[in-house]
file final-v9.cif (mmCIF, C-alpha atoms)
data_target
loop_
_atom_site.label_atom_id
_atom_site.label_comp_id
_atom_site.auth_asym_id
_atom_site.auth_seq_id
_atom_site.Cartn_x
_atom_site.Cartn_y
_atom_site.Cartn_z
CA MET J 286 82.81 -13.28 119.57
CA SER J 287 85.15 -13.39 116.56
CA GLY J 288 85.78 -16.51 114.46
CA PRO J 289 89.47 -17.05 115.33
CA ASP J 290 88.73 -16.84 119.07
CA GLN J 291 86.14 -19.52 118.68
CA LYS J 292 88.60 -21.69 116.77
CA VAL J 293 91.20 -21.40 119.55
CA ARG J 294 88.61 -22.29 122.17
CA HIS J 295 87.53 -25.23 120.03
CA GLU J 296 91.10 -26.52 119.80
CA GLN J 297 91.56 -26.13 123.56
CA GLU J 298 88.39 -28.14 124.12
CA VAL J 299 89.65 -30.90 121.77
CA VAL J 300 92.96 -31.13 123.69
CA ARG J 301 91.15 -31.11 127.07
CA ARG J 302 88.88 -33.97 126.03
CA GLN J 303 91.74 -35.96 124.51
CA ARG J 304 93.75 -35.60 127.73
CA GLU J 305 90.78 -36.59 129.87
CA ARG J 306 90.10 -39.68 127.77
CA ALA J 307 93.77 -40.65 127.62
CA ARG J 308 94.04 -40.41 131.42
CA LEU J 309 90.89 -42.51 131.88
CA MET J 310 92.11 -45.08 129.36
CA ALA J 311 95.43 -45.36 131.22
CA TRP J 312 93.60 -46.07 134.49
CA LEU J 313 91.33 -48.63 132.82
CA LEU J 314 94.27 -50.41 131.18
CA GLY J 315 96.09 -50.47 134.51
CA ALA J 316 93.02 -51.94 136.20
CA PHE J 317 92.74 -54.53 133.41
CA VAL J 318 96.34 -55.64 133.89
CA VAL J 319 95.74 -56.06 137.65
CA LEU J 320 92.52 -57.97 136.95
CA LEU J 321 94.29 -60.29 134.49
CA PHE J 322 96.97 -60.97 137.09
CA PHE J 323 94.42 -62.01 139.70
CA ILE J 324 92.44 -64.06 137.16
CA THR J 325 95.65 -65.94 136.31
CA VAL J 326 96.43 -66.55 139.99
CA ALA J 327 92.86 -67.81 140.57
CA LYS J 328 93.00 -70.08 137.51
CA ILE J 329 96.33 -71.59 138.57
CA GLY J 330 95.02 -72.02 142.10
CA ILE J 331 91.99 -74.06 141.09
CA ASN J 332 93.71 -76.03 138.29
CA TRP J 333 90.95 -75.18 135.82
CA MET Y 457 88.19 -16.66 107.34
CA VAL Y 458 86.37 -19.10 109.55
CA THR Y 459 82.78 -19.53 108.44
CA SER Y 460 80.01 -20.68 110.76
CA SER Y 461 79.58 -23.91 108.78
CA VAL Y 462 83.25 -24.77 109.30
CA LEU Y 463 82.88 -24.16 113.02
CA GLU Y 464 79.75 -26.30 113.13
CA SER Y 465 81.52 -29.18 111.40
CA GLU Y 466 84.49 -28.79 113.75
CA ALA Y 467 82.14 -28.81 116.75
CA ALA Y 468 80.63 -32.05 115.50
CA ALA Y 469 84.16 -33.49 115.20
CA LEU Y 470 84.95 -32.95 118.90
CA PRO Y 471 86.12 -36.14 120.60
CA ALA Y 472 83.25 -37.60 122.61
CA ASP Y 473 83.29 -36.76 126.31
CA TRP Y 474 83.78 -39.90 128.46
CA ARG Y 475 80.60 -39.04 130.37
CA ASP Y 476 78.66 -39.36 127.12
CA LEU Y 477 80.31 -42.72 126.42
CA LEU Y 478 79.17 -43.79 129.88
CA ALA Y 479 75.63 -42.52 129.17
CA LEU Y 480 75.65 -44.61 125.99
CA THR Y 481 75.77 -47.76 128.14
CA LYS Y 482 72.43 -46.91 129.87
CA PRO Y 483 73.81 -47.18 133.44
CA ARG Y 484 70.37 -47.33 135.08
CA VAL Y 485 69.31 -50.33 132.99
CA MET Y 486 72.71 -51.86 133.66
CA SER Y 487 72.12 -51.77 137.43
CA LEU Y 488 69.14 -54.14 137.12
CA VAL Y 489 71.07 -56.38 134.71
CA VAL Y 490 74.05 -56.54 137.09
CA PHE Y 491 71.82 -57.28 140.06
CA THR Y 492 69.94 -60.14 138.39
CA GLY Y 493 73.20 -61.54 136.99
CA LEU Y 494 74.78 -61.39 140.44
CA ALA Y 495 71.73 -63.12 141.92
CA GLY Y 496 72.03 -65.89 139.32
CA LEU Y 497 75.65 -66.37 140.30
CA LEU Y 498 75.01 -66.26 144.06
CA VAL Y 499 72.20 -68.85 144.03
CA ALA Y 500 74.31 -71.35 142.08
CA PRO Y 501 75.30 -74.48 144.03
CA VAL Y 502 79.01 -73.79 143.56
CA LEU Y 503 80.71 -70.43 143.74
CA PRO Y 504 83.76 -69.51 141.67
CA PRO Y 505 86.75 -67.77 143.27
CA LEU Y 506 85.92 -64.16 144.13
CA VAL Y 507 87.94 -62.61 141.33
CA LEU Y 508 86.37 -64.88 138.70
CA GLY Y 509 82.87 -64.15 140.01
CA PHE Y 510 83.64 -60.43 139.97
CA THR Y 511 84.94 -60.69 136.40
CA ALA Y 512 81.84 -62.59 135.29
CA ILE Y 513 79.57 -59.85 136.68
CA LEU Y 514 81.82 -57.18 135.15
CA CYS Y 515 81.46 -58.91 131.77
CA ILE Y 516 77.66 -59.05 132.14
CA ALA Y 517 77.69 -55.29 132.91
CA LEU Y 518 79.98 -54.50 129.96
CA GLY Y 519 77.89 -56.70 127.66
CA ALA Y 520 74.73 -54.86 128.73
CA GLY Y 521 76.55 -51.56 128.17
CA ALA Y 522 77.60 -52.65 124.70
CA ALA Y 523 74.03 -53.66 123.84
CA GLY Y 524 72.78 -50.27 125.11
CA ALA Y 525 75.38 -48.40 123.05
CA LEU Y 526 74.53 -50.31 119.86
CA ASN Y 527 70.84 -49.77 120.54
CA GLN Y 528 71.41 -46.01 120.77
CA TRP Y 529 73.62 -46.10 117.67
CA TYR Y 530 70.82 -47.68 115.65
CA GLU Y 531 67.96 -45.68 117.17
CA ALA Y 532 69.46 -42.18 117.13
CA ASP Y 533 66.75 -40.96 114.73
CA LEU Y 534 64.00 -42.46 116.88
CA ASP Y 535 65.46 -41.11 120.13
CA ALA Y 536 65.52 -37.61 118.65
CA GLN Y 537 61.74 -37.71 118.28
CA MET Y 538 60.93 -38.68 121.88
CA ARG Y 539 61.18 -36.30 124.86
CA ARG Y 540 62.38 -39.10 127.14
CA THR Y 541 65.38 -39.87 124.92
CA ALA Y 542 66.06 -36.64 122.98
CA ASN Y 543 68.90 -35.61 125.29
CA ARG Y 544 70.91 -38.81 124.78
CA PRO Y 545 74.43 -38.19 123.40
CA LEU Y 546 73.64 -39.06 119.75
CA PRO Y 547 70.31 -37.24 119.20
CA ALA Y 548 71.65 -34.25 121.19
CA GLY Y 549 74.60 -34.05 118.76
CA ARG Y 550 77.31 -34.52 121.40
CA MET Y 551 78.78 -37.57 119.66
CA ASP Y 552 79.07 -38.91 116.13
CA ARG Y 553 77.48 -42.25 115.23
CA GLN Y 554 80.74 -43.93 114.24
CA THR Y 555 82.16 -43.43 117.76
CA ALA Y 556 79.06 -45.04 119.25
CA LEU Y 557 79.27 -47.99 116.84
CA HIS Y 558 82.98 -48.60 117.48
CA PHE Y 559 82.49 -48.23 121.24
CA GLY Y 560 79.57 -50.69 121.28
CA VAL Y 561 81.22 -53.35 119.10
CA GLY Y 562 84.55 -53.05 120.95
CA LEU Y 563 82.96 -53.21 124.39
CA GLY Y 564 80.80 -56.20 123.43
CA ALA Y 565 83.70 -58.18 121.93
CA PHE Y 566 85.87 -57.39 124.97
CA ALA Y 567 83.14 -58.53 127.39
CA VAL Y 568 82.51 -61.83 125.56
CA ILE Y 569 86.22 -62.74 125.22
CA LEU Y 570 86.98 -61.85 128.85
CA MET Y 571 83.97 -63.91 129.99
CA GLY Y 572 85.25 -66.90 128.01
CA LEU Y 573 88.75 -66.61 129.45
CA ALA Y 574 87.75 -65.88 133.06
CA ALA Y 575 84.62 -68.04 133.48
CA ASN Y 576 83.75 -70.44 130.66
CA TRP Y 577 82.83 -70.37 126.98
CA LEU Y 578 79.20 -71.41 127.53
CA ALA Y 579 78.70 -68.27 129.64
CA ALA Y 580 80.50 -66.27 126.93
CA LEU Y 581 78.23 -67.78 124.26
CA LEU Y 582 75.12 -66.83 126.27
CA LEU Y 583 76.49 -63.31 126.78
CA ALA Y 584 77.12 -62.95 123.03
CA ALA Y 585 73.63 -64.32 122.32
CA SER Y 586 72.04 -61.80 124.71
CA ILE Y 587 73.87 -58.85 123.10
CA LEU Y 588 73.05 -59.99 119.57
CA PHE Y 589 69.44 -60.74 120.50
CA TYR Y 590 68.96 -57.27 121.96
CA VAL Y 591 70.63 -55.49 119.04
CA LEU Y 592 69.58 -57.57 116.03
CA VAL Y 593 66.30 -59.22 117.03
CA TYR Y 594 64.82 -56.50 119.26
CA THR Y 595 66.34 -53.21 118.07
CA VAL Y 596 66.82 -53.81 114.35
CA TRP Y 597 64.13 -56.36 113.54
CA LEU Y 598 61.17 -56.14 115.93
CA LYS Y 599 60.99 -52.71 117.54
CA ARG Y 600 59.76 -50.77 114.53
CA ARG Y 601 57.74 -53.61 113.01
CA THR Y 602 55.46 -55.23 115.57
CA ALA Y 603 53.63 -54.54 118.81
CA GLN Y 604 55.10 -57.82 120.06
CA ASN Y 605 58.55 -56.15 120.12
CA ILE Y 606 58.64 -56.06 123.91
CA VAL Y 607 57.32 -59.62 124.32
CA ILE Y 608 59.98 -61.31 122.17
CA GLY Y 609 62.68 -58.71 122.83
CA GLY Y 610 62.20 -59.23 126.56
CA ALA Y 611 64.25 -62.40 126.24
CA ALA Y 612 67.39 -60.28 125.85
CA GLY Y 613 66.98 -58.83 129.35
CA ALA Y 614 66.20 -62.26 130.78
CA PHE Y 615 69.66 -63.68 130.08
CA PRO Y 616 71.71 -62.20 133.01
CA PRO Y 617 70.68 -64.64 135.81
CA LEU Y 618 71.23 -67.54 133.42
CA ILE Y 619 74.66 -66.18 132.47
CA GLY Y 620 75.54 -65.63 136.15
CA TRP Y 621 74.58 -69.22 137.00
CA VAL Y 622 76.44 -70.70 134.01
CA ALA Y 623 79.52 -68.59 134.81
CA ALA Y 624 79.58 -70.26 138.23
CA THR Y 625 78.65 -73.82 137.28
CA GLY Y 626 79.36 -74.23 133.56
CA GLN Y 627 75.91 -75.78 133.12
CA ILE Y 628 72.30 -74.78 132.49
CA ALA Y 629 69.81 -75.91 135.17
CA PRO Y 630 66.05 -75.57 135.90
CA LEU Y 631 66.32 -72.71 138.45
CA PRO Y 632 68.10 -70.20 136.16
CA LEU Y 633 65.69 -71.15 133.38
CA ILE Y 634 62.79 -70.25 135.70
CA LEU Y 635 64.53 -66.96 136.53
CA PHE Y 636 64.83 -66.39 132.78
CA ALA Y 637 61.08 -66.98 132.49
CA VAL Y 638 60.34 -64.57 135.35
CA ILE Y 639 62.14 -61.66 133.65
CA PHE Y 640 60.77 -62.65 130.25
CA LEU Y 641 57.18 -62.50 131.58
CA TRP Y 642 57.88 -59.41 133.73
CA THR Y 643 59.12 -57.33 130.78
CA PRO Y 644 55.78 -56.82 128.94
CA PRO Y 645 53.80 -55.46 131.94
CA HIS Y 646 56.82 -53.35 132.96
CA PHE Y 647 57.26 -51.70 129.56
CA TRP Y 648 53.57 -51.54 128.65
CA ALA Y 649 52.87 -49.72 131.93
CA LEU Y 650 55.48 -47.15 130.85
CA SER Y 651 54.26 -46.99 127.26
CA LEU Y 652 50.71 -46.28 128.45
CA PHE Y 653 51.69 -42.93 129.94
CA VAL Y 654 54.27 -42.00 127.25
CA ARG Y 655 52.02 -43.23 124.45
CA SER Y 656 52.12 -39.94 122.55
CA ASP Y 657 55.93 -40.12 122.38
CA TYR Y 658 55.83 -43.58 120.81
CA ALA Y 659 53.03 -42.53 118.45
CA ALA Y 660 55.00 -39.45 117.33
CA ALA Y 661 58.07 -41.59 116.68
CA LYS Y 662 55.89 -44.20 114.88
CA VAL Y 663 57.03 -47.01 117.17
CA PRO Y 664 54.29 -49.68 117.13
CA MET Y 665 54.03 -50.11 120.90
CA LEU Y 666 50.85 -51.89 122.00
CA PRO Y 667 49.00 -48.76 123.29
CA VAL Y 668 49.61 -47.14 119.87
CA THR Y 669 48.50 -50.12 117.75
CA ALA Y 670 45.86 -51.81 119.92
CA GLY Y 671 44.72 -48.98 122.20
CA VAL Y 672 44.87 -48.25 125.90
CA GLU Y 673 42.20 -50.71 127.04
CA ALA Y 674 43.71 -53.69 125.22
CA THR Y 675 47.14 -52.83 126.66
CA ARG Y 676 45.75 -52.67 130.21
CA ARG Y 677 44.18 -56.10 129.68
CA GLN Y 678 47.50 -57.50 128.46
CA VAL Y 679 49.37 -55.96 131.42
CA PHE Y 680 47.04 -57.76 133.80
CA LEU Y 681 47.08 -61.05 131.86
CA TYR Y 682 50.88 -61.16 131.71
CA SER Y 683 51.14 -60.55 135.45
CA LEU Y 684 49.44 -63.94 136.08
CA PRO Y 685 51.97 -66.29 134.39
CA MET Y 686 54.72 -64.02 135.72
CA THR Y 687 53.41 -64.70 139.22
CA ALA Y 688 53.32 -68.44 138.55
CA ALA Y 689 56.93 -68.38 137.33
CA ALA Y 690 58.05 -66.24 140.28
CA VAL Y 691 56.53 -68.54 142.89
CA ALA Y 692 57.40 -71.80 141.03
CA PRO Y 693 60.88 -72.36 142.58
CA TRP Y 694 59.20 -72.86 145.98
CA PRO Y 695 56.80 -75.79 145.21
CA LEU Y 696 59.43 -77.27 142.89
CA GLY Y 697 61.86 -77.46 145.79
CA LEU Y 698 64.39 -75.16 144.13
CA ALA Y 699 63.99 -72.48 146.82
CA GLY Y 700 62.91 -72.42 150.45
CA SER Y 701 59.80 -71.17 152.21
CA LEU Y 702 61.33 -67.74 152.95
CA TYR Y 703 61.57 -67.11 149.22
CA GLY Y 704 58.15 -68.67 148.67
CA VAL Y 705 56.42 -66.34 151.15
CA ILE Y 706 58.18 -63.21 149.88
CA ALA Y 707 57.62 -64.12 146.21
CA THR Y 708 53.93 -64.78 146.90
CA GLY Y 709 53.50 -61.46 148.74
CA LEU Y 710 55.37 -59.43 146.12
CA SER Y 711 53.55 -61.11 143.24
CA ALA Y 712 50.16 -60.58 144.93
CA ALA Y 713 50.98 -56.87 145.21
CA PHE Y 714 52.01 -56.84 141.54
CA VAL Y 715 48.73 -58.47 140.45
CA ILE Y 716 46.70 -56.07 142.63
CA ILE Y 717 48.37 -53.01 141.07
CA ALA Y 718 47.96 -54.59 137.61
CA GLY Y 719 44.27 -54.98 138.53
CA LEU Y 720 44.10 -51.26 139.34
CA VAL Y 721 45.64 -50.59 135.93
CA LEU Y 722 42.98 -52.82 134.35
CA ALA Y 723 40.22 -50.94 136.18
CA ASN Y 724 41.56 -47.49 135.29
CA ARG Y 725 39.63 -45.72 132.52
CA ALA Y 726 41.83 -42.64 132.20
CA THR Y 727 43.23 -41.74 128.81
CA GLU Y 728 45.32 -38.73 129.86
CA PRO Y 729 48.85 -39.49 131.14
CA ALA Y 730 48.35 -37.16 134.12
CA GLU Y 731 45.53 -39.41 135.37
CA MET Y 732 47.42 -42.67 134.89
CA ARG Y 733 48.52 -43.08 138.49
CA PRO Y 734 48.09 -46.89 138.63
CA GLU Y 735 50.23 -47.23 135.49
CA LYS Y 736 52.98 -45.06 136.97
CA ARG Y 737 52.75 -46.96 140.25
CA LEU Y 738 53.02 -50.31 138.46
CA PHE Y 739 56.04 -49.14 136.46
CA GLY Y 740 57.82 -48.00 139.63
CA PHE Y 741 56.79 -51.07 141.63
CA SER Y 742 57.84 -53.47 138.87
CA VAL Y 743 61.48 -52.38 139.28
CA ILE Y 744 61.32 -52.80 143.08
CA TYR Y 745 59.56 -56.15 142.54
CA LEU Y 746 62.37 -57.60 140.47
CA PHE Y 747 65.08 -56.34 142.83
CA ALA Y 748 63.23 -57.68 145.90
CA LEU Y 749 62.39 -61.03 144.29
CA PHE Y 750 66.00 -61.78 143.34
CA ALA Y 751 67.30 -60.47 146.68
CA ALA Y 752 64.85 -62.82 148.45
CA LEU Y 753 66.11 -65.76 146.41
CA VAL Y 754 69.73 -65.01 147.34
CA VAL Y 755 68.90 -64.52 151.04
CA ASP Y 756 66.85 -67.74 151.04
CA ARG Y 757 69.70 -69.66 149.41
CA TRP Y 758 72.31 -68.35 151.86
CA ILE Y 759 70.19 -68.74 154.99
CA GLY Y 760 69.08 -72.21 153.90
CA ALA Y 761 72.61 -73.30 152.99
#

call {"tool": "encode", "arguments": {"input": "final-v9.cif", "output": "structure tokens"}}
result
Amino acid sequence: MSGPDQKVRHEQEVVRRQRERARLMAWLLGAFVVLLFFITVAKIGINW
Amino acid sequence: MVTSSVLESEAAALPADWRDLLALTKPRVMSLVVFTGLAGLLVAPVLPPLVLGFTAILCIALGAGAAGALNQWYEADLDAQMRRTANRPLPAGRMDRQTALHFGVGLGAFAVILMGLAANWLAALLLAASILFYVLVYTVWLKRRTAQNIVIGGAAGAFPPLIGWVAATGQIAPLPLILFAVIFLWTPPHFWALSLFVRSDYAAAKVPMLPVTAGVEATRRQVFLYSLPMTAAAVAPWPLGLAGSLYGVIATGLSAAFVIIAGLVLANRATEPAEMRPEKRLFGFSVIYLFALFAALVVDRWIGA
């Protein structure tokens, strides 16, 4: 395996991991927003 | 020209895989933490709205994950020397230490702030105390210095039922303090049973676990001795009127089994890990014991309510 080939594969792996983490982070942020909404509703409901 | 050293440094600079970030939180340990925290919340006299209860348990889980990540950040060198831990993300070279540190601190701060906003600030304070206790007192201060590391450090793992209760009620009460004591007294026999049959790992890594510093026989004696006050604490809610007879009977039966297996450990004379069947049995049973004990308390509370 030549050096440049390895470098290309390395860069592809970096992009793949970045995409995977970005997608996961988007889902987690979305879930957090939904959770905050329901926490707010619950807090208003019980007049904390 | 791309040299091998450049490639190696680039490989080390790969962004951490999310699965390794998850592994950093010690998910198996987290399951016990979540369960005992949930039990603490469910046996409380008042229950918060579902979403707030869920958030409190989520925060306990994230706090435990943060503590696990910071523990692995600090102990990467130690983990590399032990077979049981050598394949963790940091010692295996799949992640750089700075990522682990940032992940742990960020996760911990997020968990504490969310707990304060969703439940109450006393629960958030206890959560912060449990994370800091595990990281600073156990991991940084005690673990490499004294054979009592597990005894004092065990307090960190004892916080979840107390946090669960306080998240629901906003107050500290006798029952969650007894549950704290149960886990605190359960931790030494649980970990010493493990450390008996992985003694060589701890010795190689120069971690002063009791079997390394005091020997196998002394450790077996301590395992048995600790199982006695643990039993007293486990059964205590029944005579004190804090739990019903269903819990009392189950706690007595489970604790009797624990003491019997601890007795078998005490009687064992084997020095080779392959012959340490009672120790392995006690380690396995101790996990079931804690799950069953807390489940019994919740069932007792809900049937008796």

call {"tool": "resolve_selection", "arguments": {"input": "final-v9.cif", "expression": "the PyMOL selection byres ((chain J) within 9 of (chain Y))", "output": "VMD selection string"}}
result
chain J and resid 288 to 289 291 to 292 295 to 296 298 to 299 302 to 303 305 to 306 309 320 to 321 323 to 325 327 to 328 331

call {"tool": "residues_around", "arguments": {"input": "final-v9.cif", "residues": "Y:Arg600", "least_positions_apart": "4", "cutoff": "12 Å", "atoms": "all atoms listed in the file", "output": "list of chain:residue names"}}
result
Y:Tyr530, Y:Glu531, Y:Leu534, Y:Val593, Y:Tyr594, Y:Thr595, Y:Val596, Y:Gln604, Y:Asn605, Y:Ile606, Y:Gly609, Y:Tyr658, Y:Ala659, Y:Ala661, Y:Lys662, Y:Val663, Y:Pro664, Y:Met665, Y:Leu666, Y:Thr669

call {"tool": "write_last_selection", "arguments": {"input": "final-v9.cif", "atoms": "C-alpha atoms", "output": "tab-separated table (two decimals), in the frame of the given file"}}
result
chain	number	residue	atom	x	y	z
Y	530	TYR	CA	70.82	-47.68	115.65
Y	531	GLU	CA	67.96	-45.68	117.17
Y	534	LEU	CA	64.00	-42.46	116.88
Y	593	VAL	CA	66.30	-59.22	117.03
Y	594	TYR	CA	64.82	-56.50	119.26
Y	595	THR	CA	66.34	-53.21	118.07
Y	596	VAL	CA	66.82	-53.81	114.35
Y	604	GLN	CA	55.10	-57.82	120.06
Y	605	ASN	CA	58.55	-56.15	120.12
Y	606	ILE	CA	58.64	-56.06	123.91
Y	609	GLY	CA	62.68	-58.71	122.83
Y	658	TYR	CA	55.83	-43.58	120.81
Y	659	ALA	CA	53.03	-42.53	118.45
Y	661	ALA	CA	58.07	-41.59	116.68
Y	662	LYS	CA	55.89	-44.20	114.88
Y	663	VAL	CA	57.03	-47.01	117.17
Y	664	PRO	CA	54.29	-49.68	117.13
Y	665	MET	CA	54.03	-50.11	120.90
Y	666	LEU	CA	50.85	-51.89	122.00
Y	669	THR	CA	48.50	-50.12	117.75

call {"tool": "residues_around", "arguments": {"input": "final-v9.cif", "residues": "Y:Ala512", "least_positions_apart": "6", "cutoff": "10 Å", "atoms": "all atoms listed in the file", "output": "list in words"}}
result
Gly493, Leu494, Leu497, Pro504, Leu506, Leu518, Ala567, Val568, Leu570, Met571, Gly572, Leu573, Ala574, Ala575, Asn576, Ala579, Ala580, Ile619, Gly620, Trp621, Val622, Ala623 and Ala624 of chain Y

call {"tool": "write_last_selection", "arguments": {"input": "final-v9.cif", "atoms": "C-alpha atoms", "output": "PDB file, in the coordinates of the input"}}
result
ATOM      1  CA  GLY Y 493      73.200 -61.540 136.990  1.00  0.00           C
ATOM      2  CA  LEU Y 494      74.780 -61.390 140.440  1.00  0.00           C
ATOM      3  CA  LEU Y 497      75.650 -66.370 140.300  1.00  0.00           C
ATOM      4  CA  PRO Y 504      83.760 -69.510 141.670  1.00  0.00           C
ATOM      5  CA  LEU Y 506      85.920 -64.160 144.130  1.00  0.00           C
ATOM      6  CA  LEU Y 518      79.980 -54.500 129.960  1.00  0.00           C
ATOM      7  CA  ALA Y 567      83.140 -58.530 127.390  1.00  0.00           C
ATOM      8  CA  VAL Y 568      82.510 -61.830 125.560  1.00  0.00           C
ATOM      9  CA  LEU Y 570      86.980 -61.850 128.850  1.00  0.00           C
ATOM     10  CA  MET Y 571      83.970 -63.910 129.990  1.00  0.00           C
ATOM     11  CA  GLY Y 572      85.250 -66.900 128.010  1.00  0.00           C
ATOM     12  CA  LEU Y 573      88.750 -66.610 129.450  1.00  0.00           C
ATOM     13  CA  ALA Y 574      87.750 -65.880 133.060  1.00  0.00           C
ATOM     14  CA  ALA Y 575      84.620 -68.040 133.480  1.00  0.00           C
ATOM     15  CA  ASN Y 576      83.750 -70.440 130.660  1.00  0.00           C
ATOM     16  CA  ALA Y 579      78.700 -68.270 129.640  1.00  0.00           C
ATOM     17  CA  ALA Y 580      80.500 -66.270 126.930  1.00  0.00           C
ATOM     18  CA  ILE Y 619      74.660 -66.180 132.470  1.00  0.00           C
ATOM     19  CA  GLY Y 620      75.540 -65.630 136.150  1.00  0.00           C
ATOM     20  CA  TRP Y 621      74.580 -69.220 137.000  1.00  0.00           C
ATOM     21  CA  VAL Y 622      76.440 -70.700 134.010  1.00  0.00           C
ATOM     22  CA  ALA Y 623      79.520 -68.590 134.810  1.00  0.00           C
ATOM     23  CA  ALA Y 624      79.580 -70.260 138.230  1.00  0.00           C
TER      24      ALA Y 624
END

call {"tool": "atom_distance", "arguments": {"input": "final-v9.cif", "atom1": "atom CA of Y:Tyr590", "atom2": "atom CA of Y:Leu710"}}
result
27.8 Å

call {"tool": "atom_distance", "arguments": {"input": "final-v9.cif", "atom1": "atom CA of Y:Ala637", "atom2": "atom CA of Y:Ala670"}}
result
24.9 Å

call {"tool": "residues_around", "arguments": {"input": "final-v9.cif", "residues": "Y:Ala726", "least_positions_apart": "6", "cutoff": "10 Å", "atoms": "only C-alpha atoms", "output": "ChimeraX atom specification"}}
result
/Y:672-673,732-734

call {"tool": "atom_distance", "arguments": {"input": "final-v9.cif", "atom1": "atom CA of Y:Ile608", "atom2": "atom CA of Y:Pro667"}}
result
16.7 Å

call {"tool": "closest_residue", "arguments": {"input": "final-v9.cif", "among": "Y:Pro695, Y:Gly740, Y:Gly626, Y:Gly760", "to": "Y:Val502", "atoms": "only C-alpha atoms"}}
result
Y:Gly626

call {"tool": "residues_around", "arguments": {"input": "final-v9.cif", "residues": "Y:Trp758", "least_positions_apart": "4", "cutoff": "12 Å", "atoms": "all atoms listed in the file", "output": "ChimeraX atom specification"}}
result
/Y:495,498-503,699-700,702-703,751-754

call {"tool": "resolve_selection", "arguments": {"input": "final-v9.cif", "expression": "the PyMOL selection byres ((chain Y and resi 692-694) around 12)", "output": "ChimeraX atom specification"}}
result
/Y:499,630-635,637-638,685-691,695-708,711,749-750,752-753,756-757

call {"tool": "closest_residue", "arguments": {"input": "final-v9.cif", "among": "Y:Pro729, Y:Gly709, Y:Gly549, Y:Gly564", "to": "Y:Ala522", "atoms": "only C-alpha atoms"}}
result
Y:Gly564
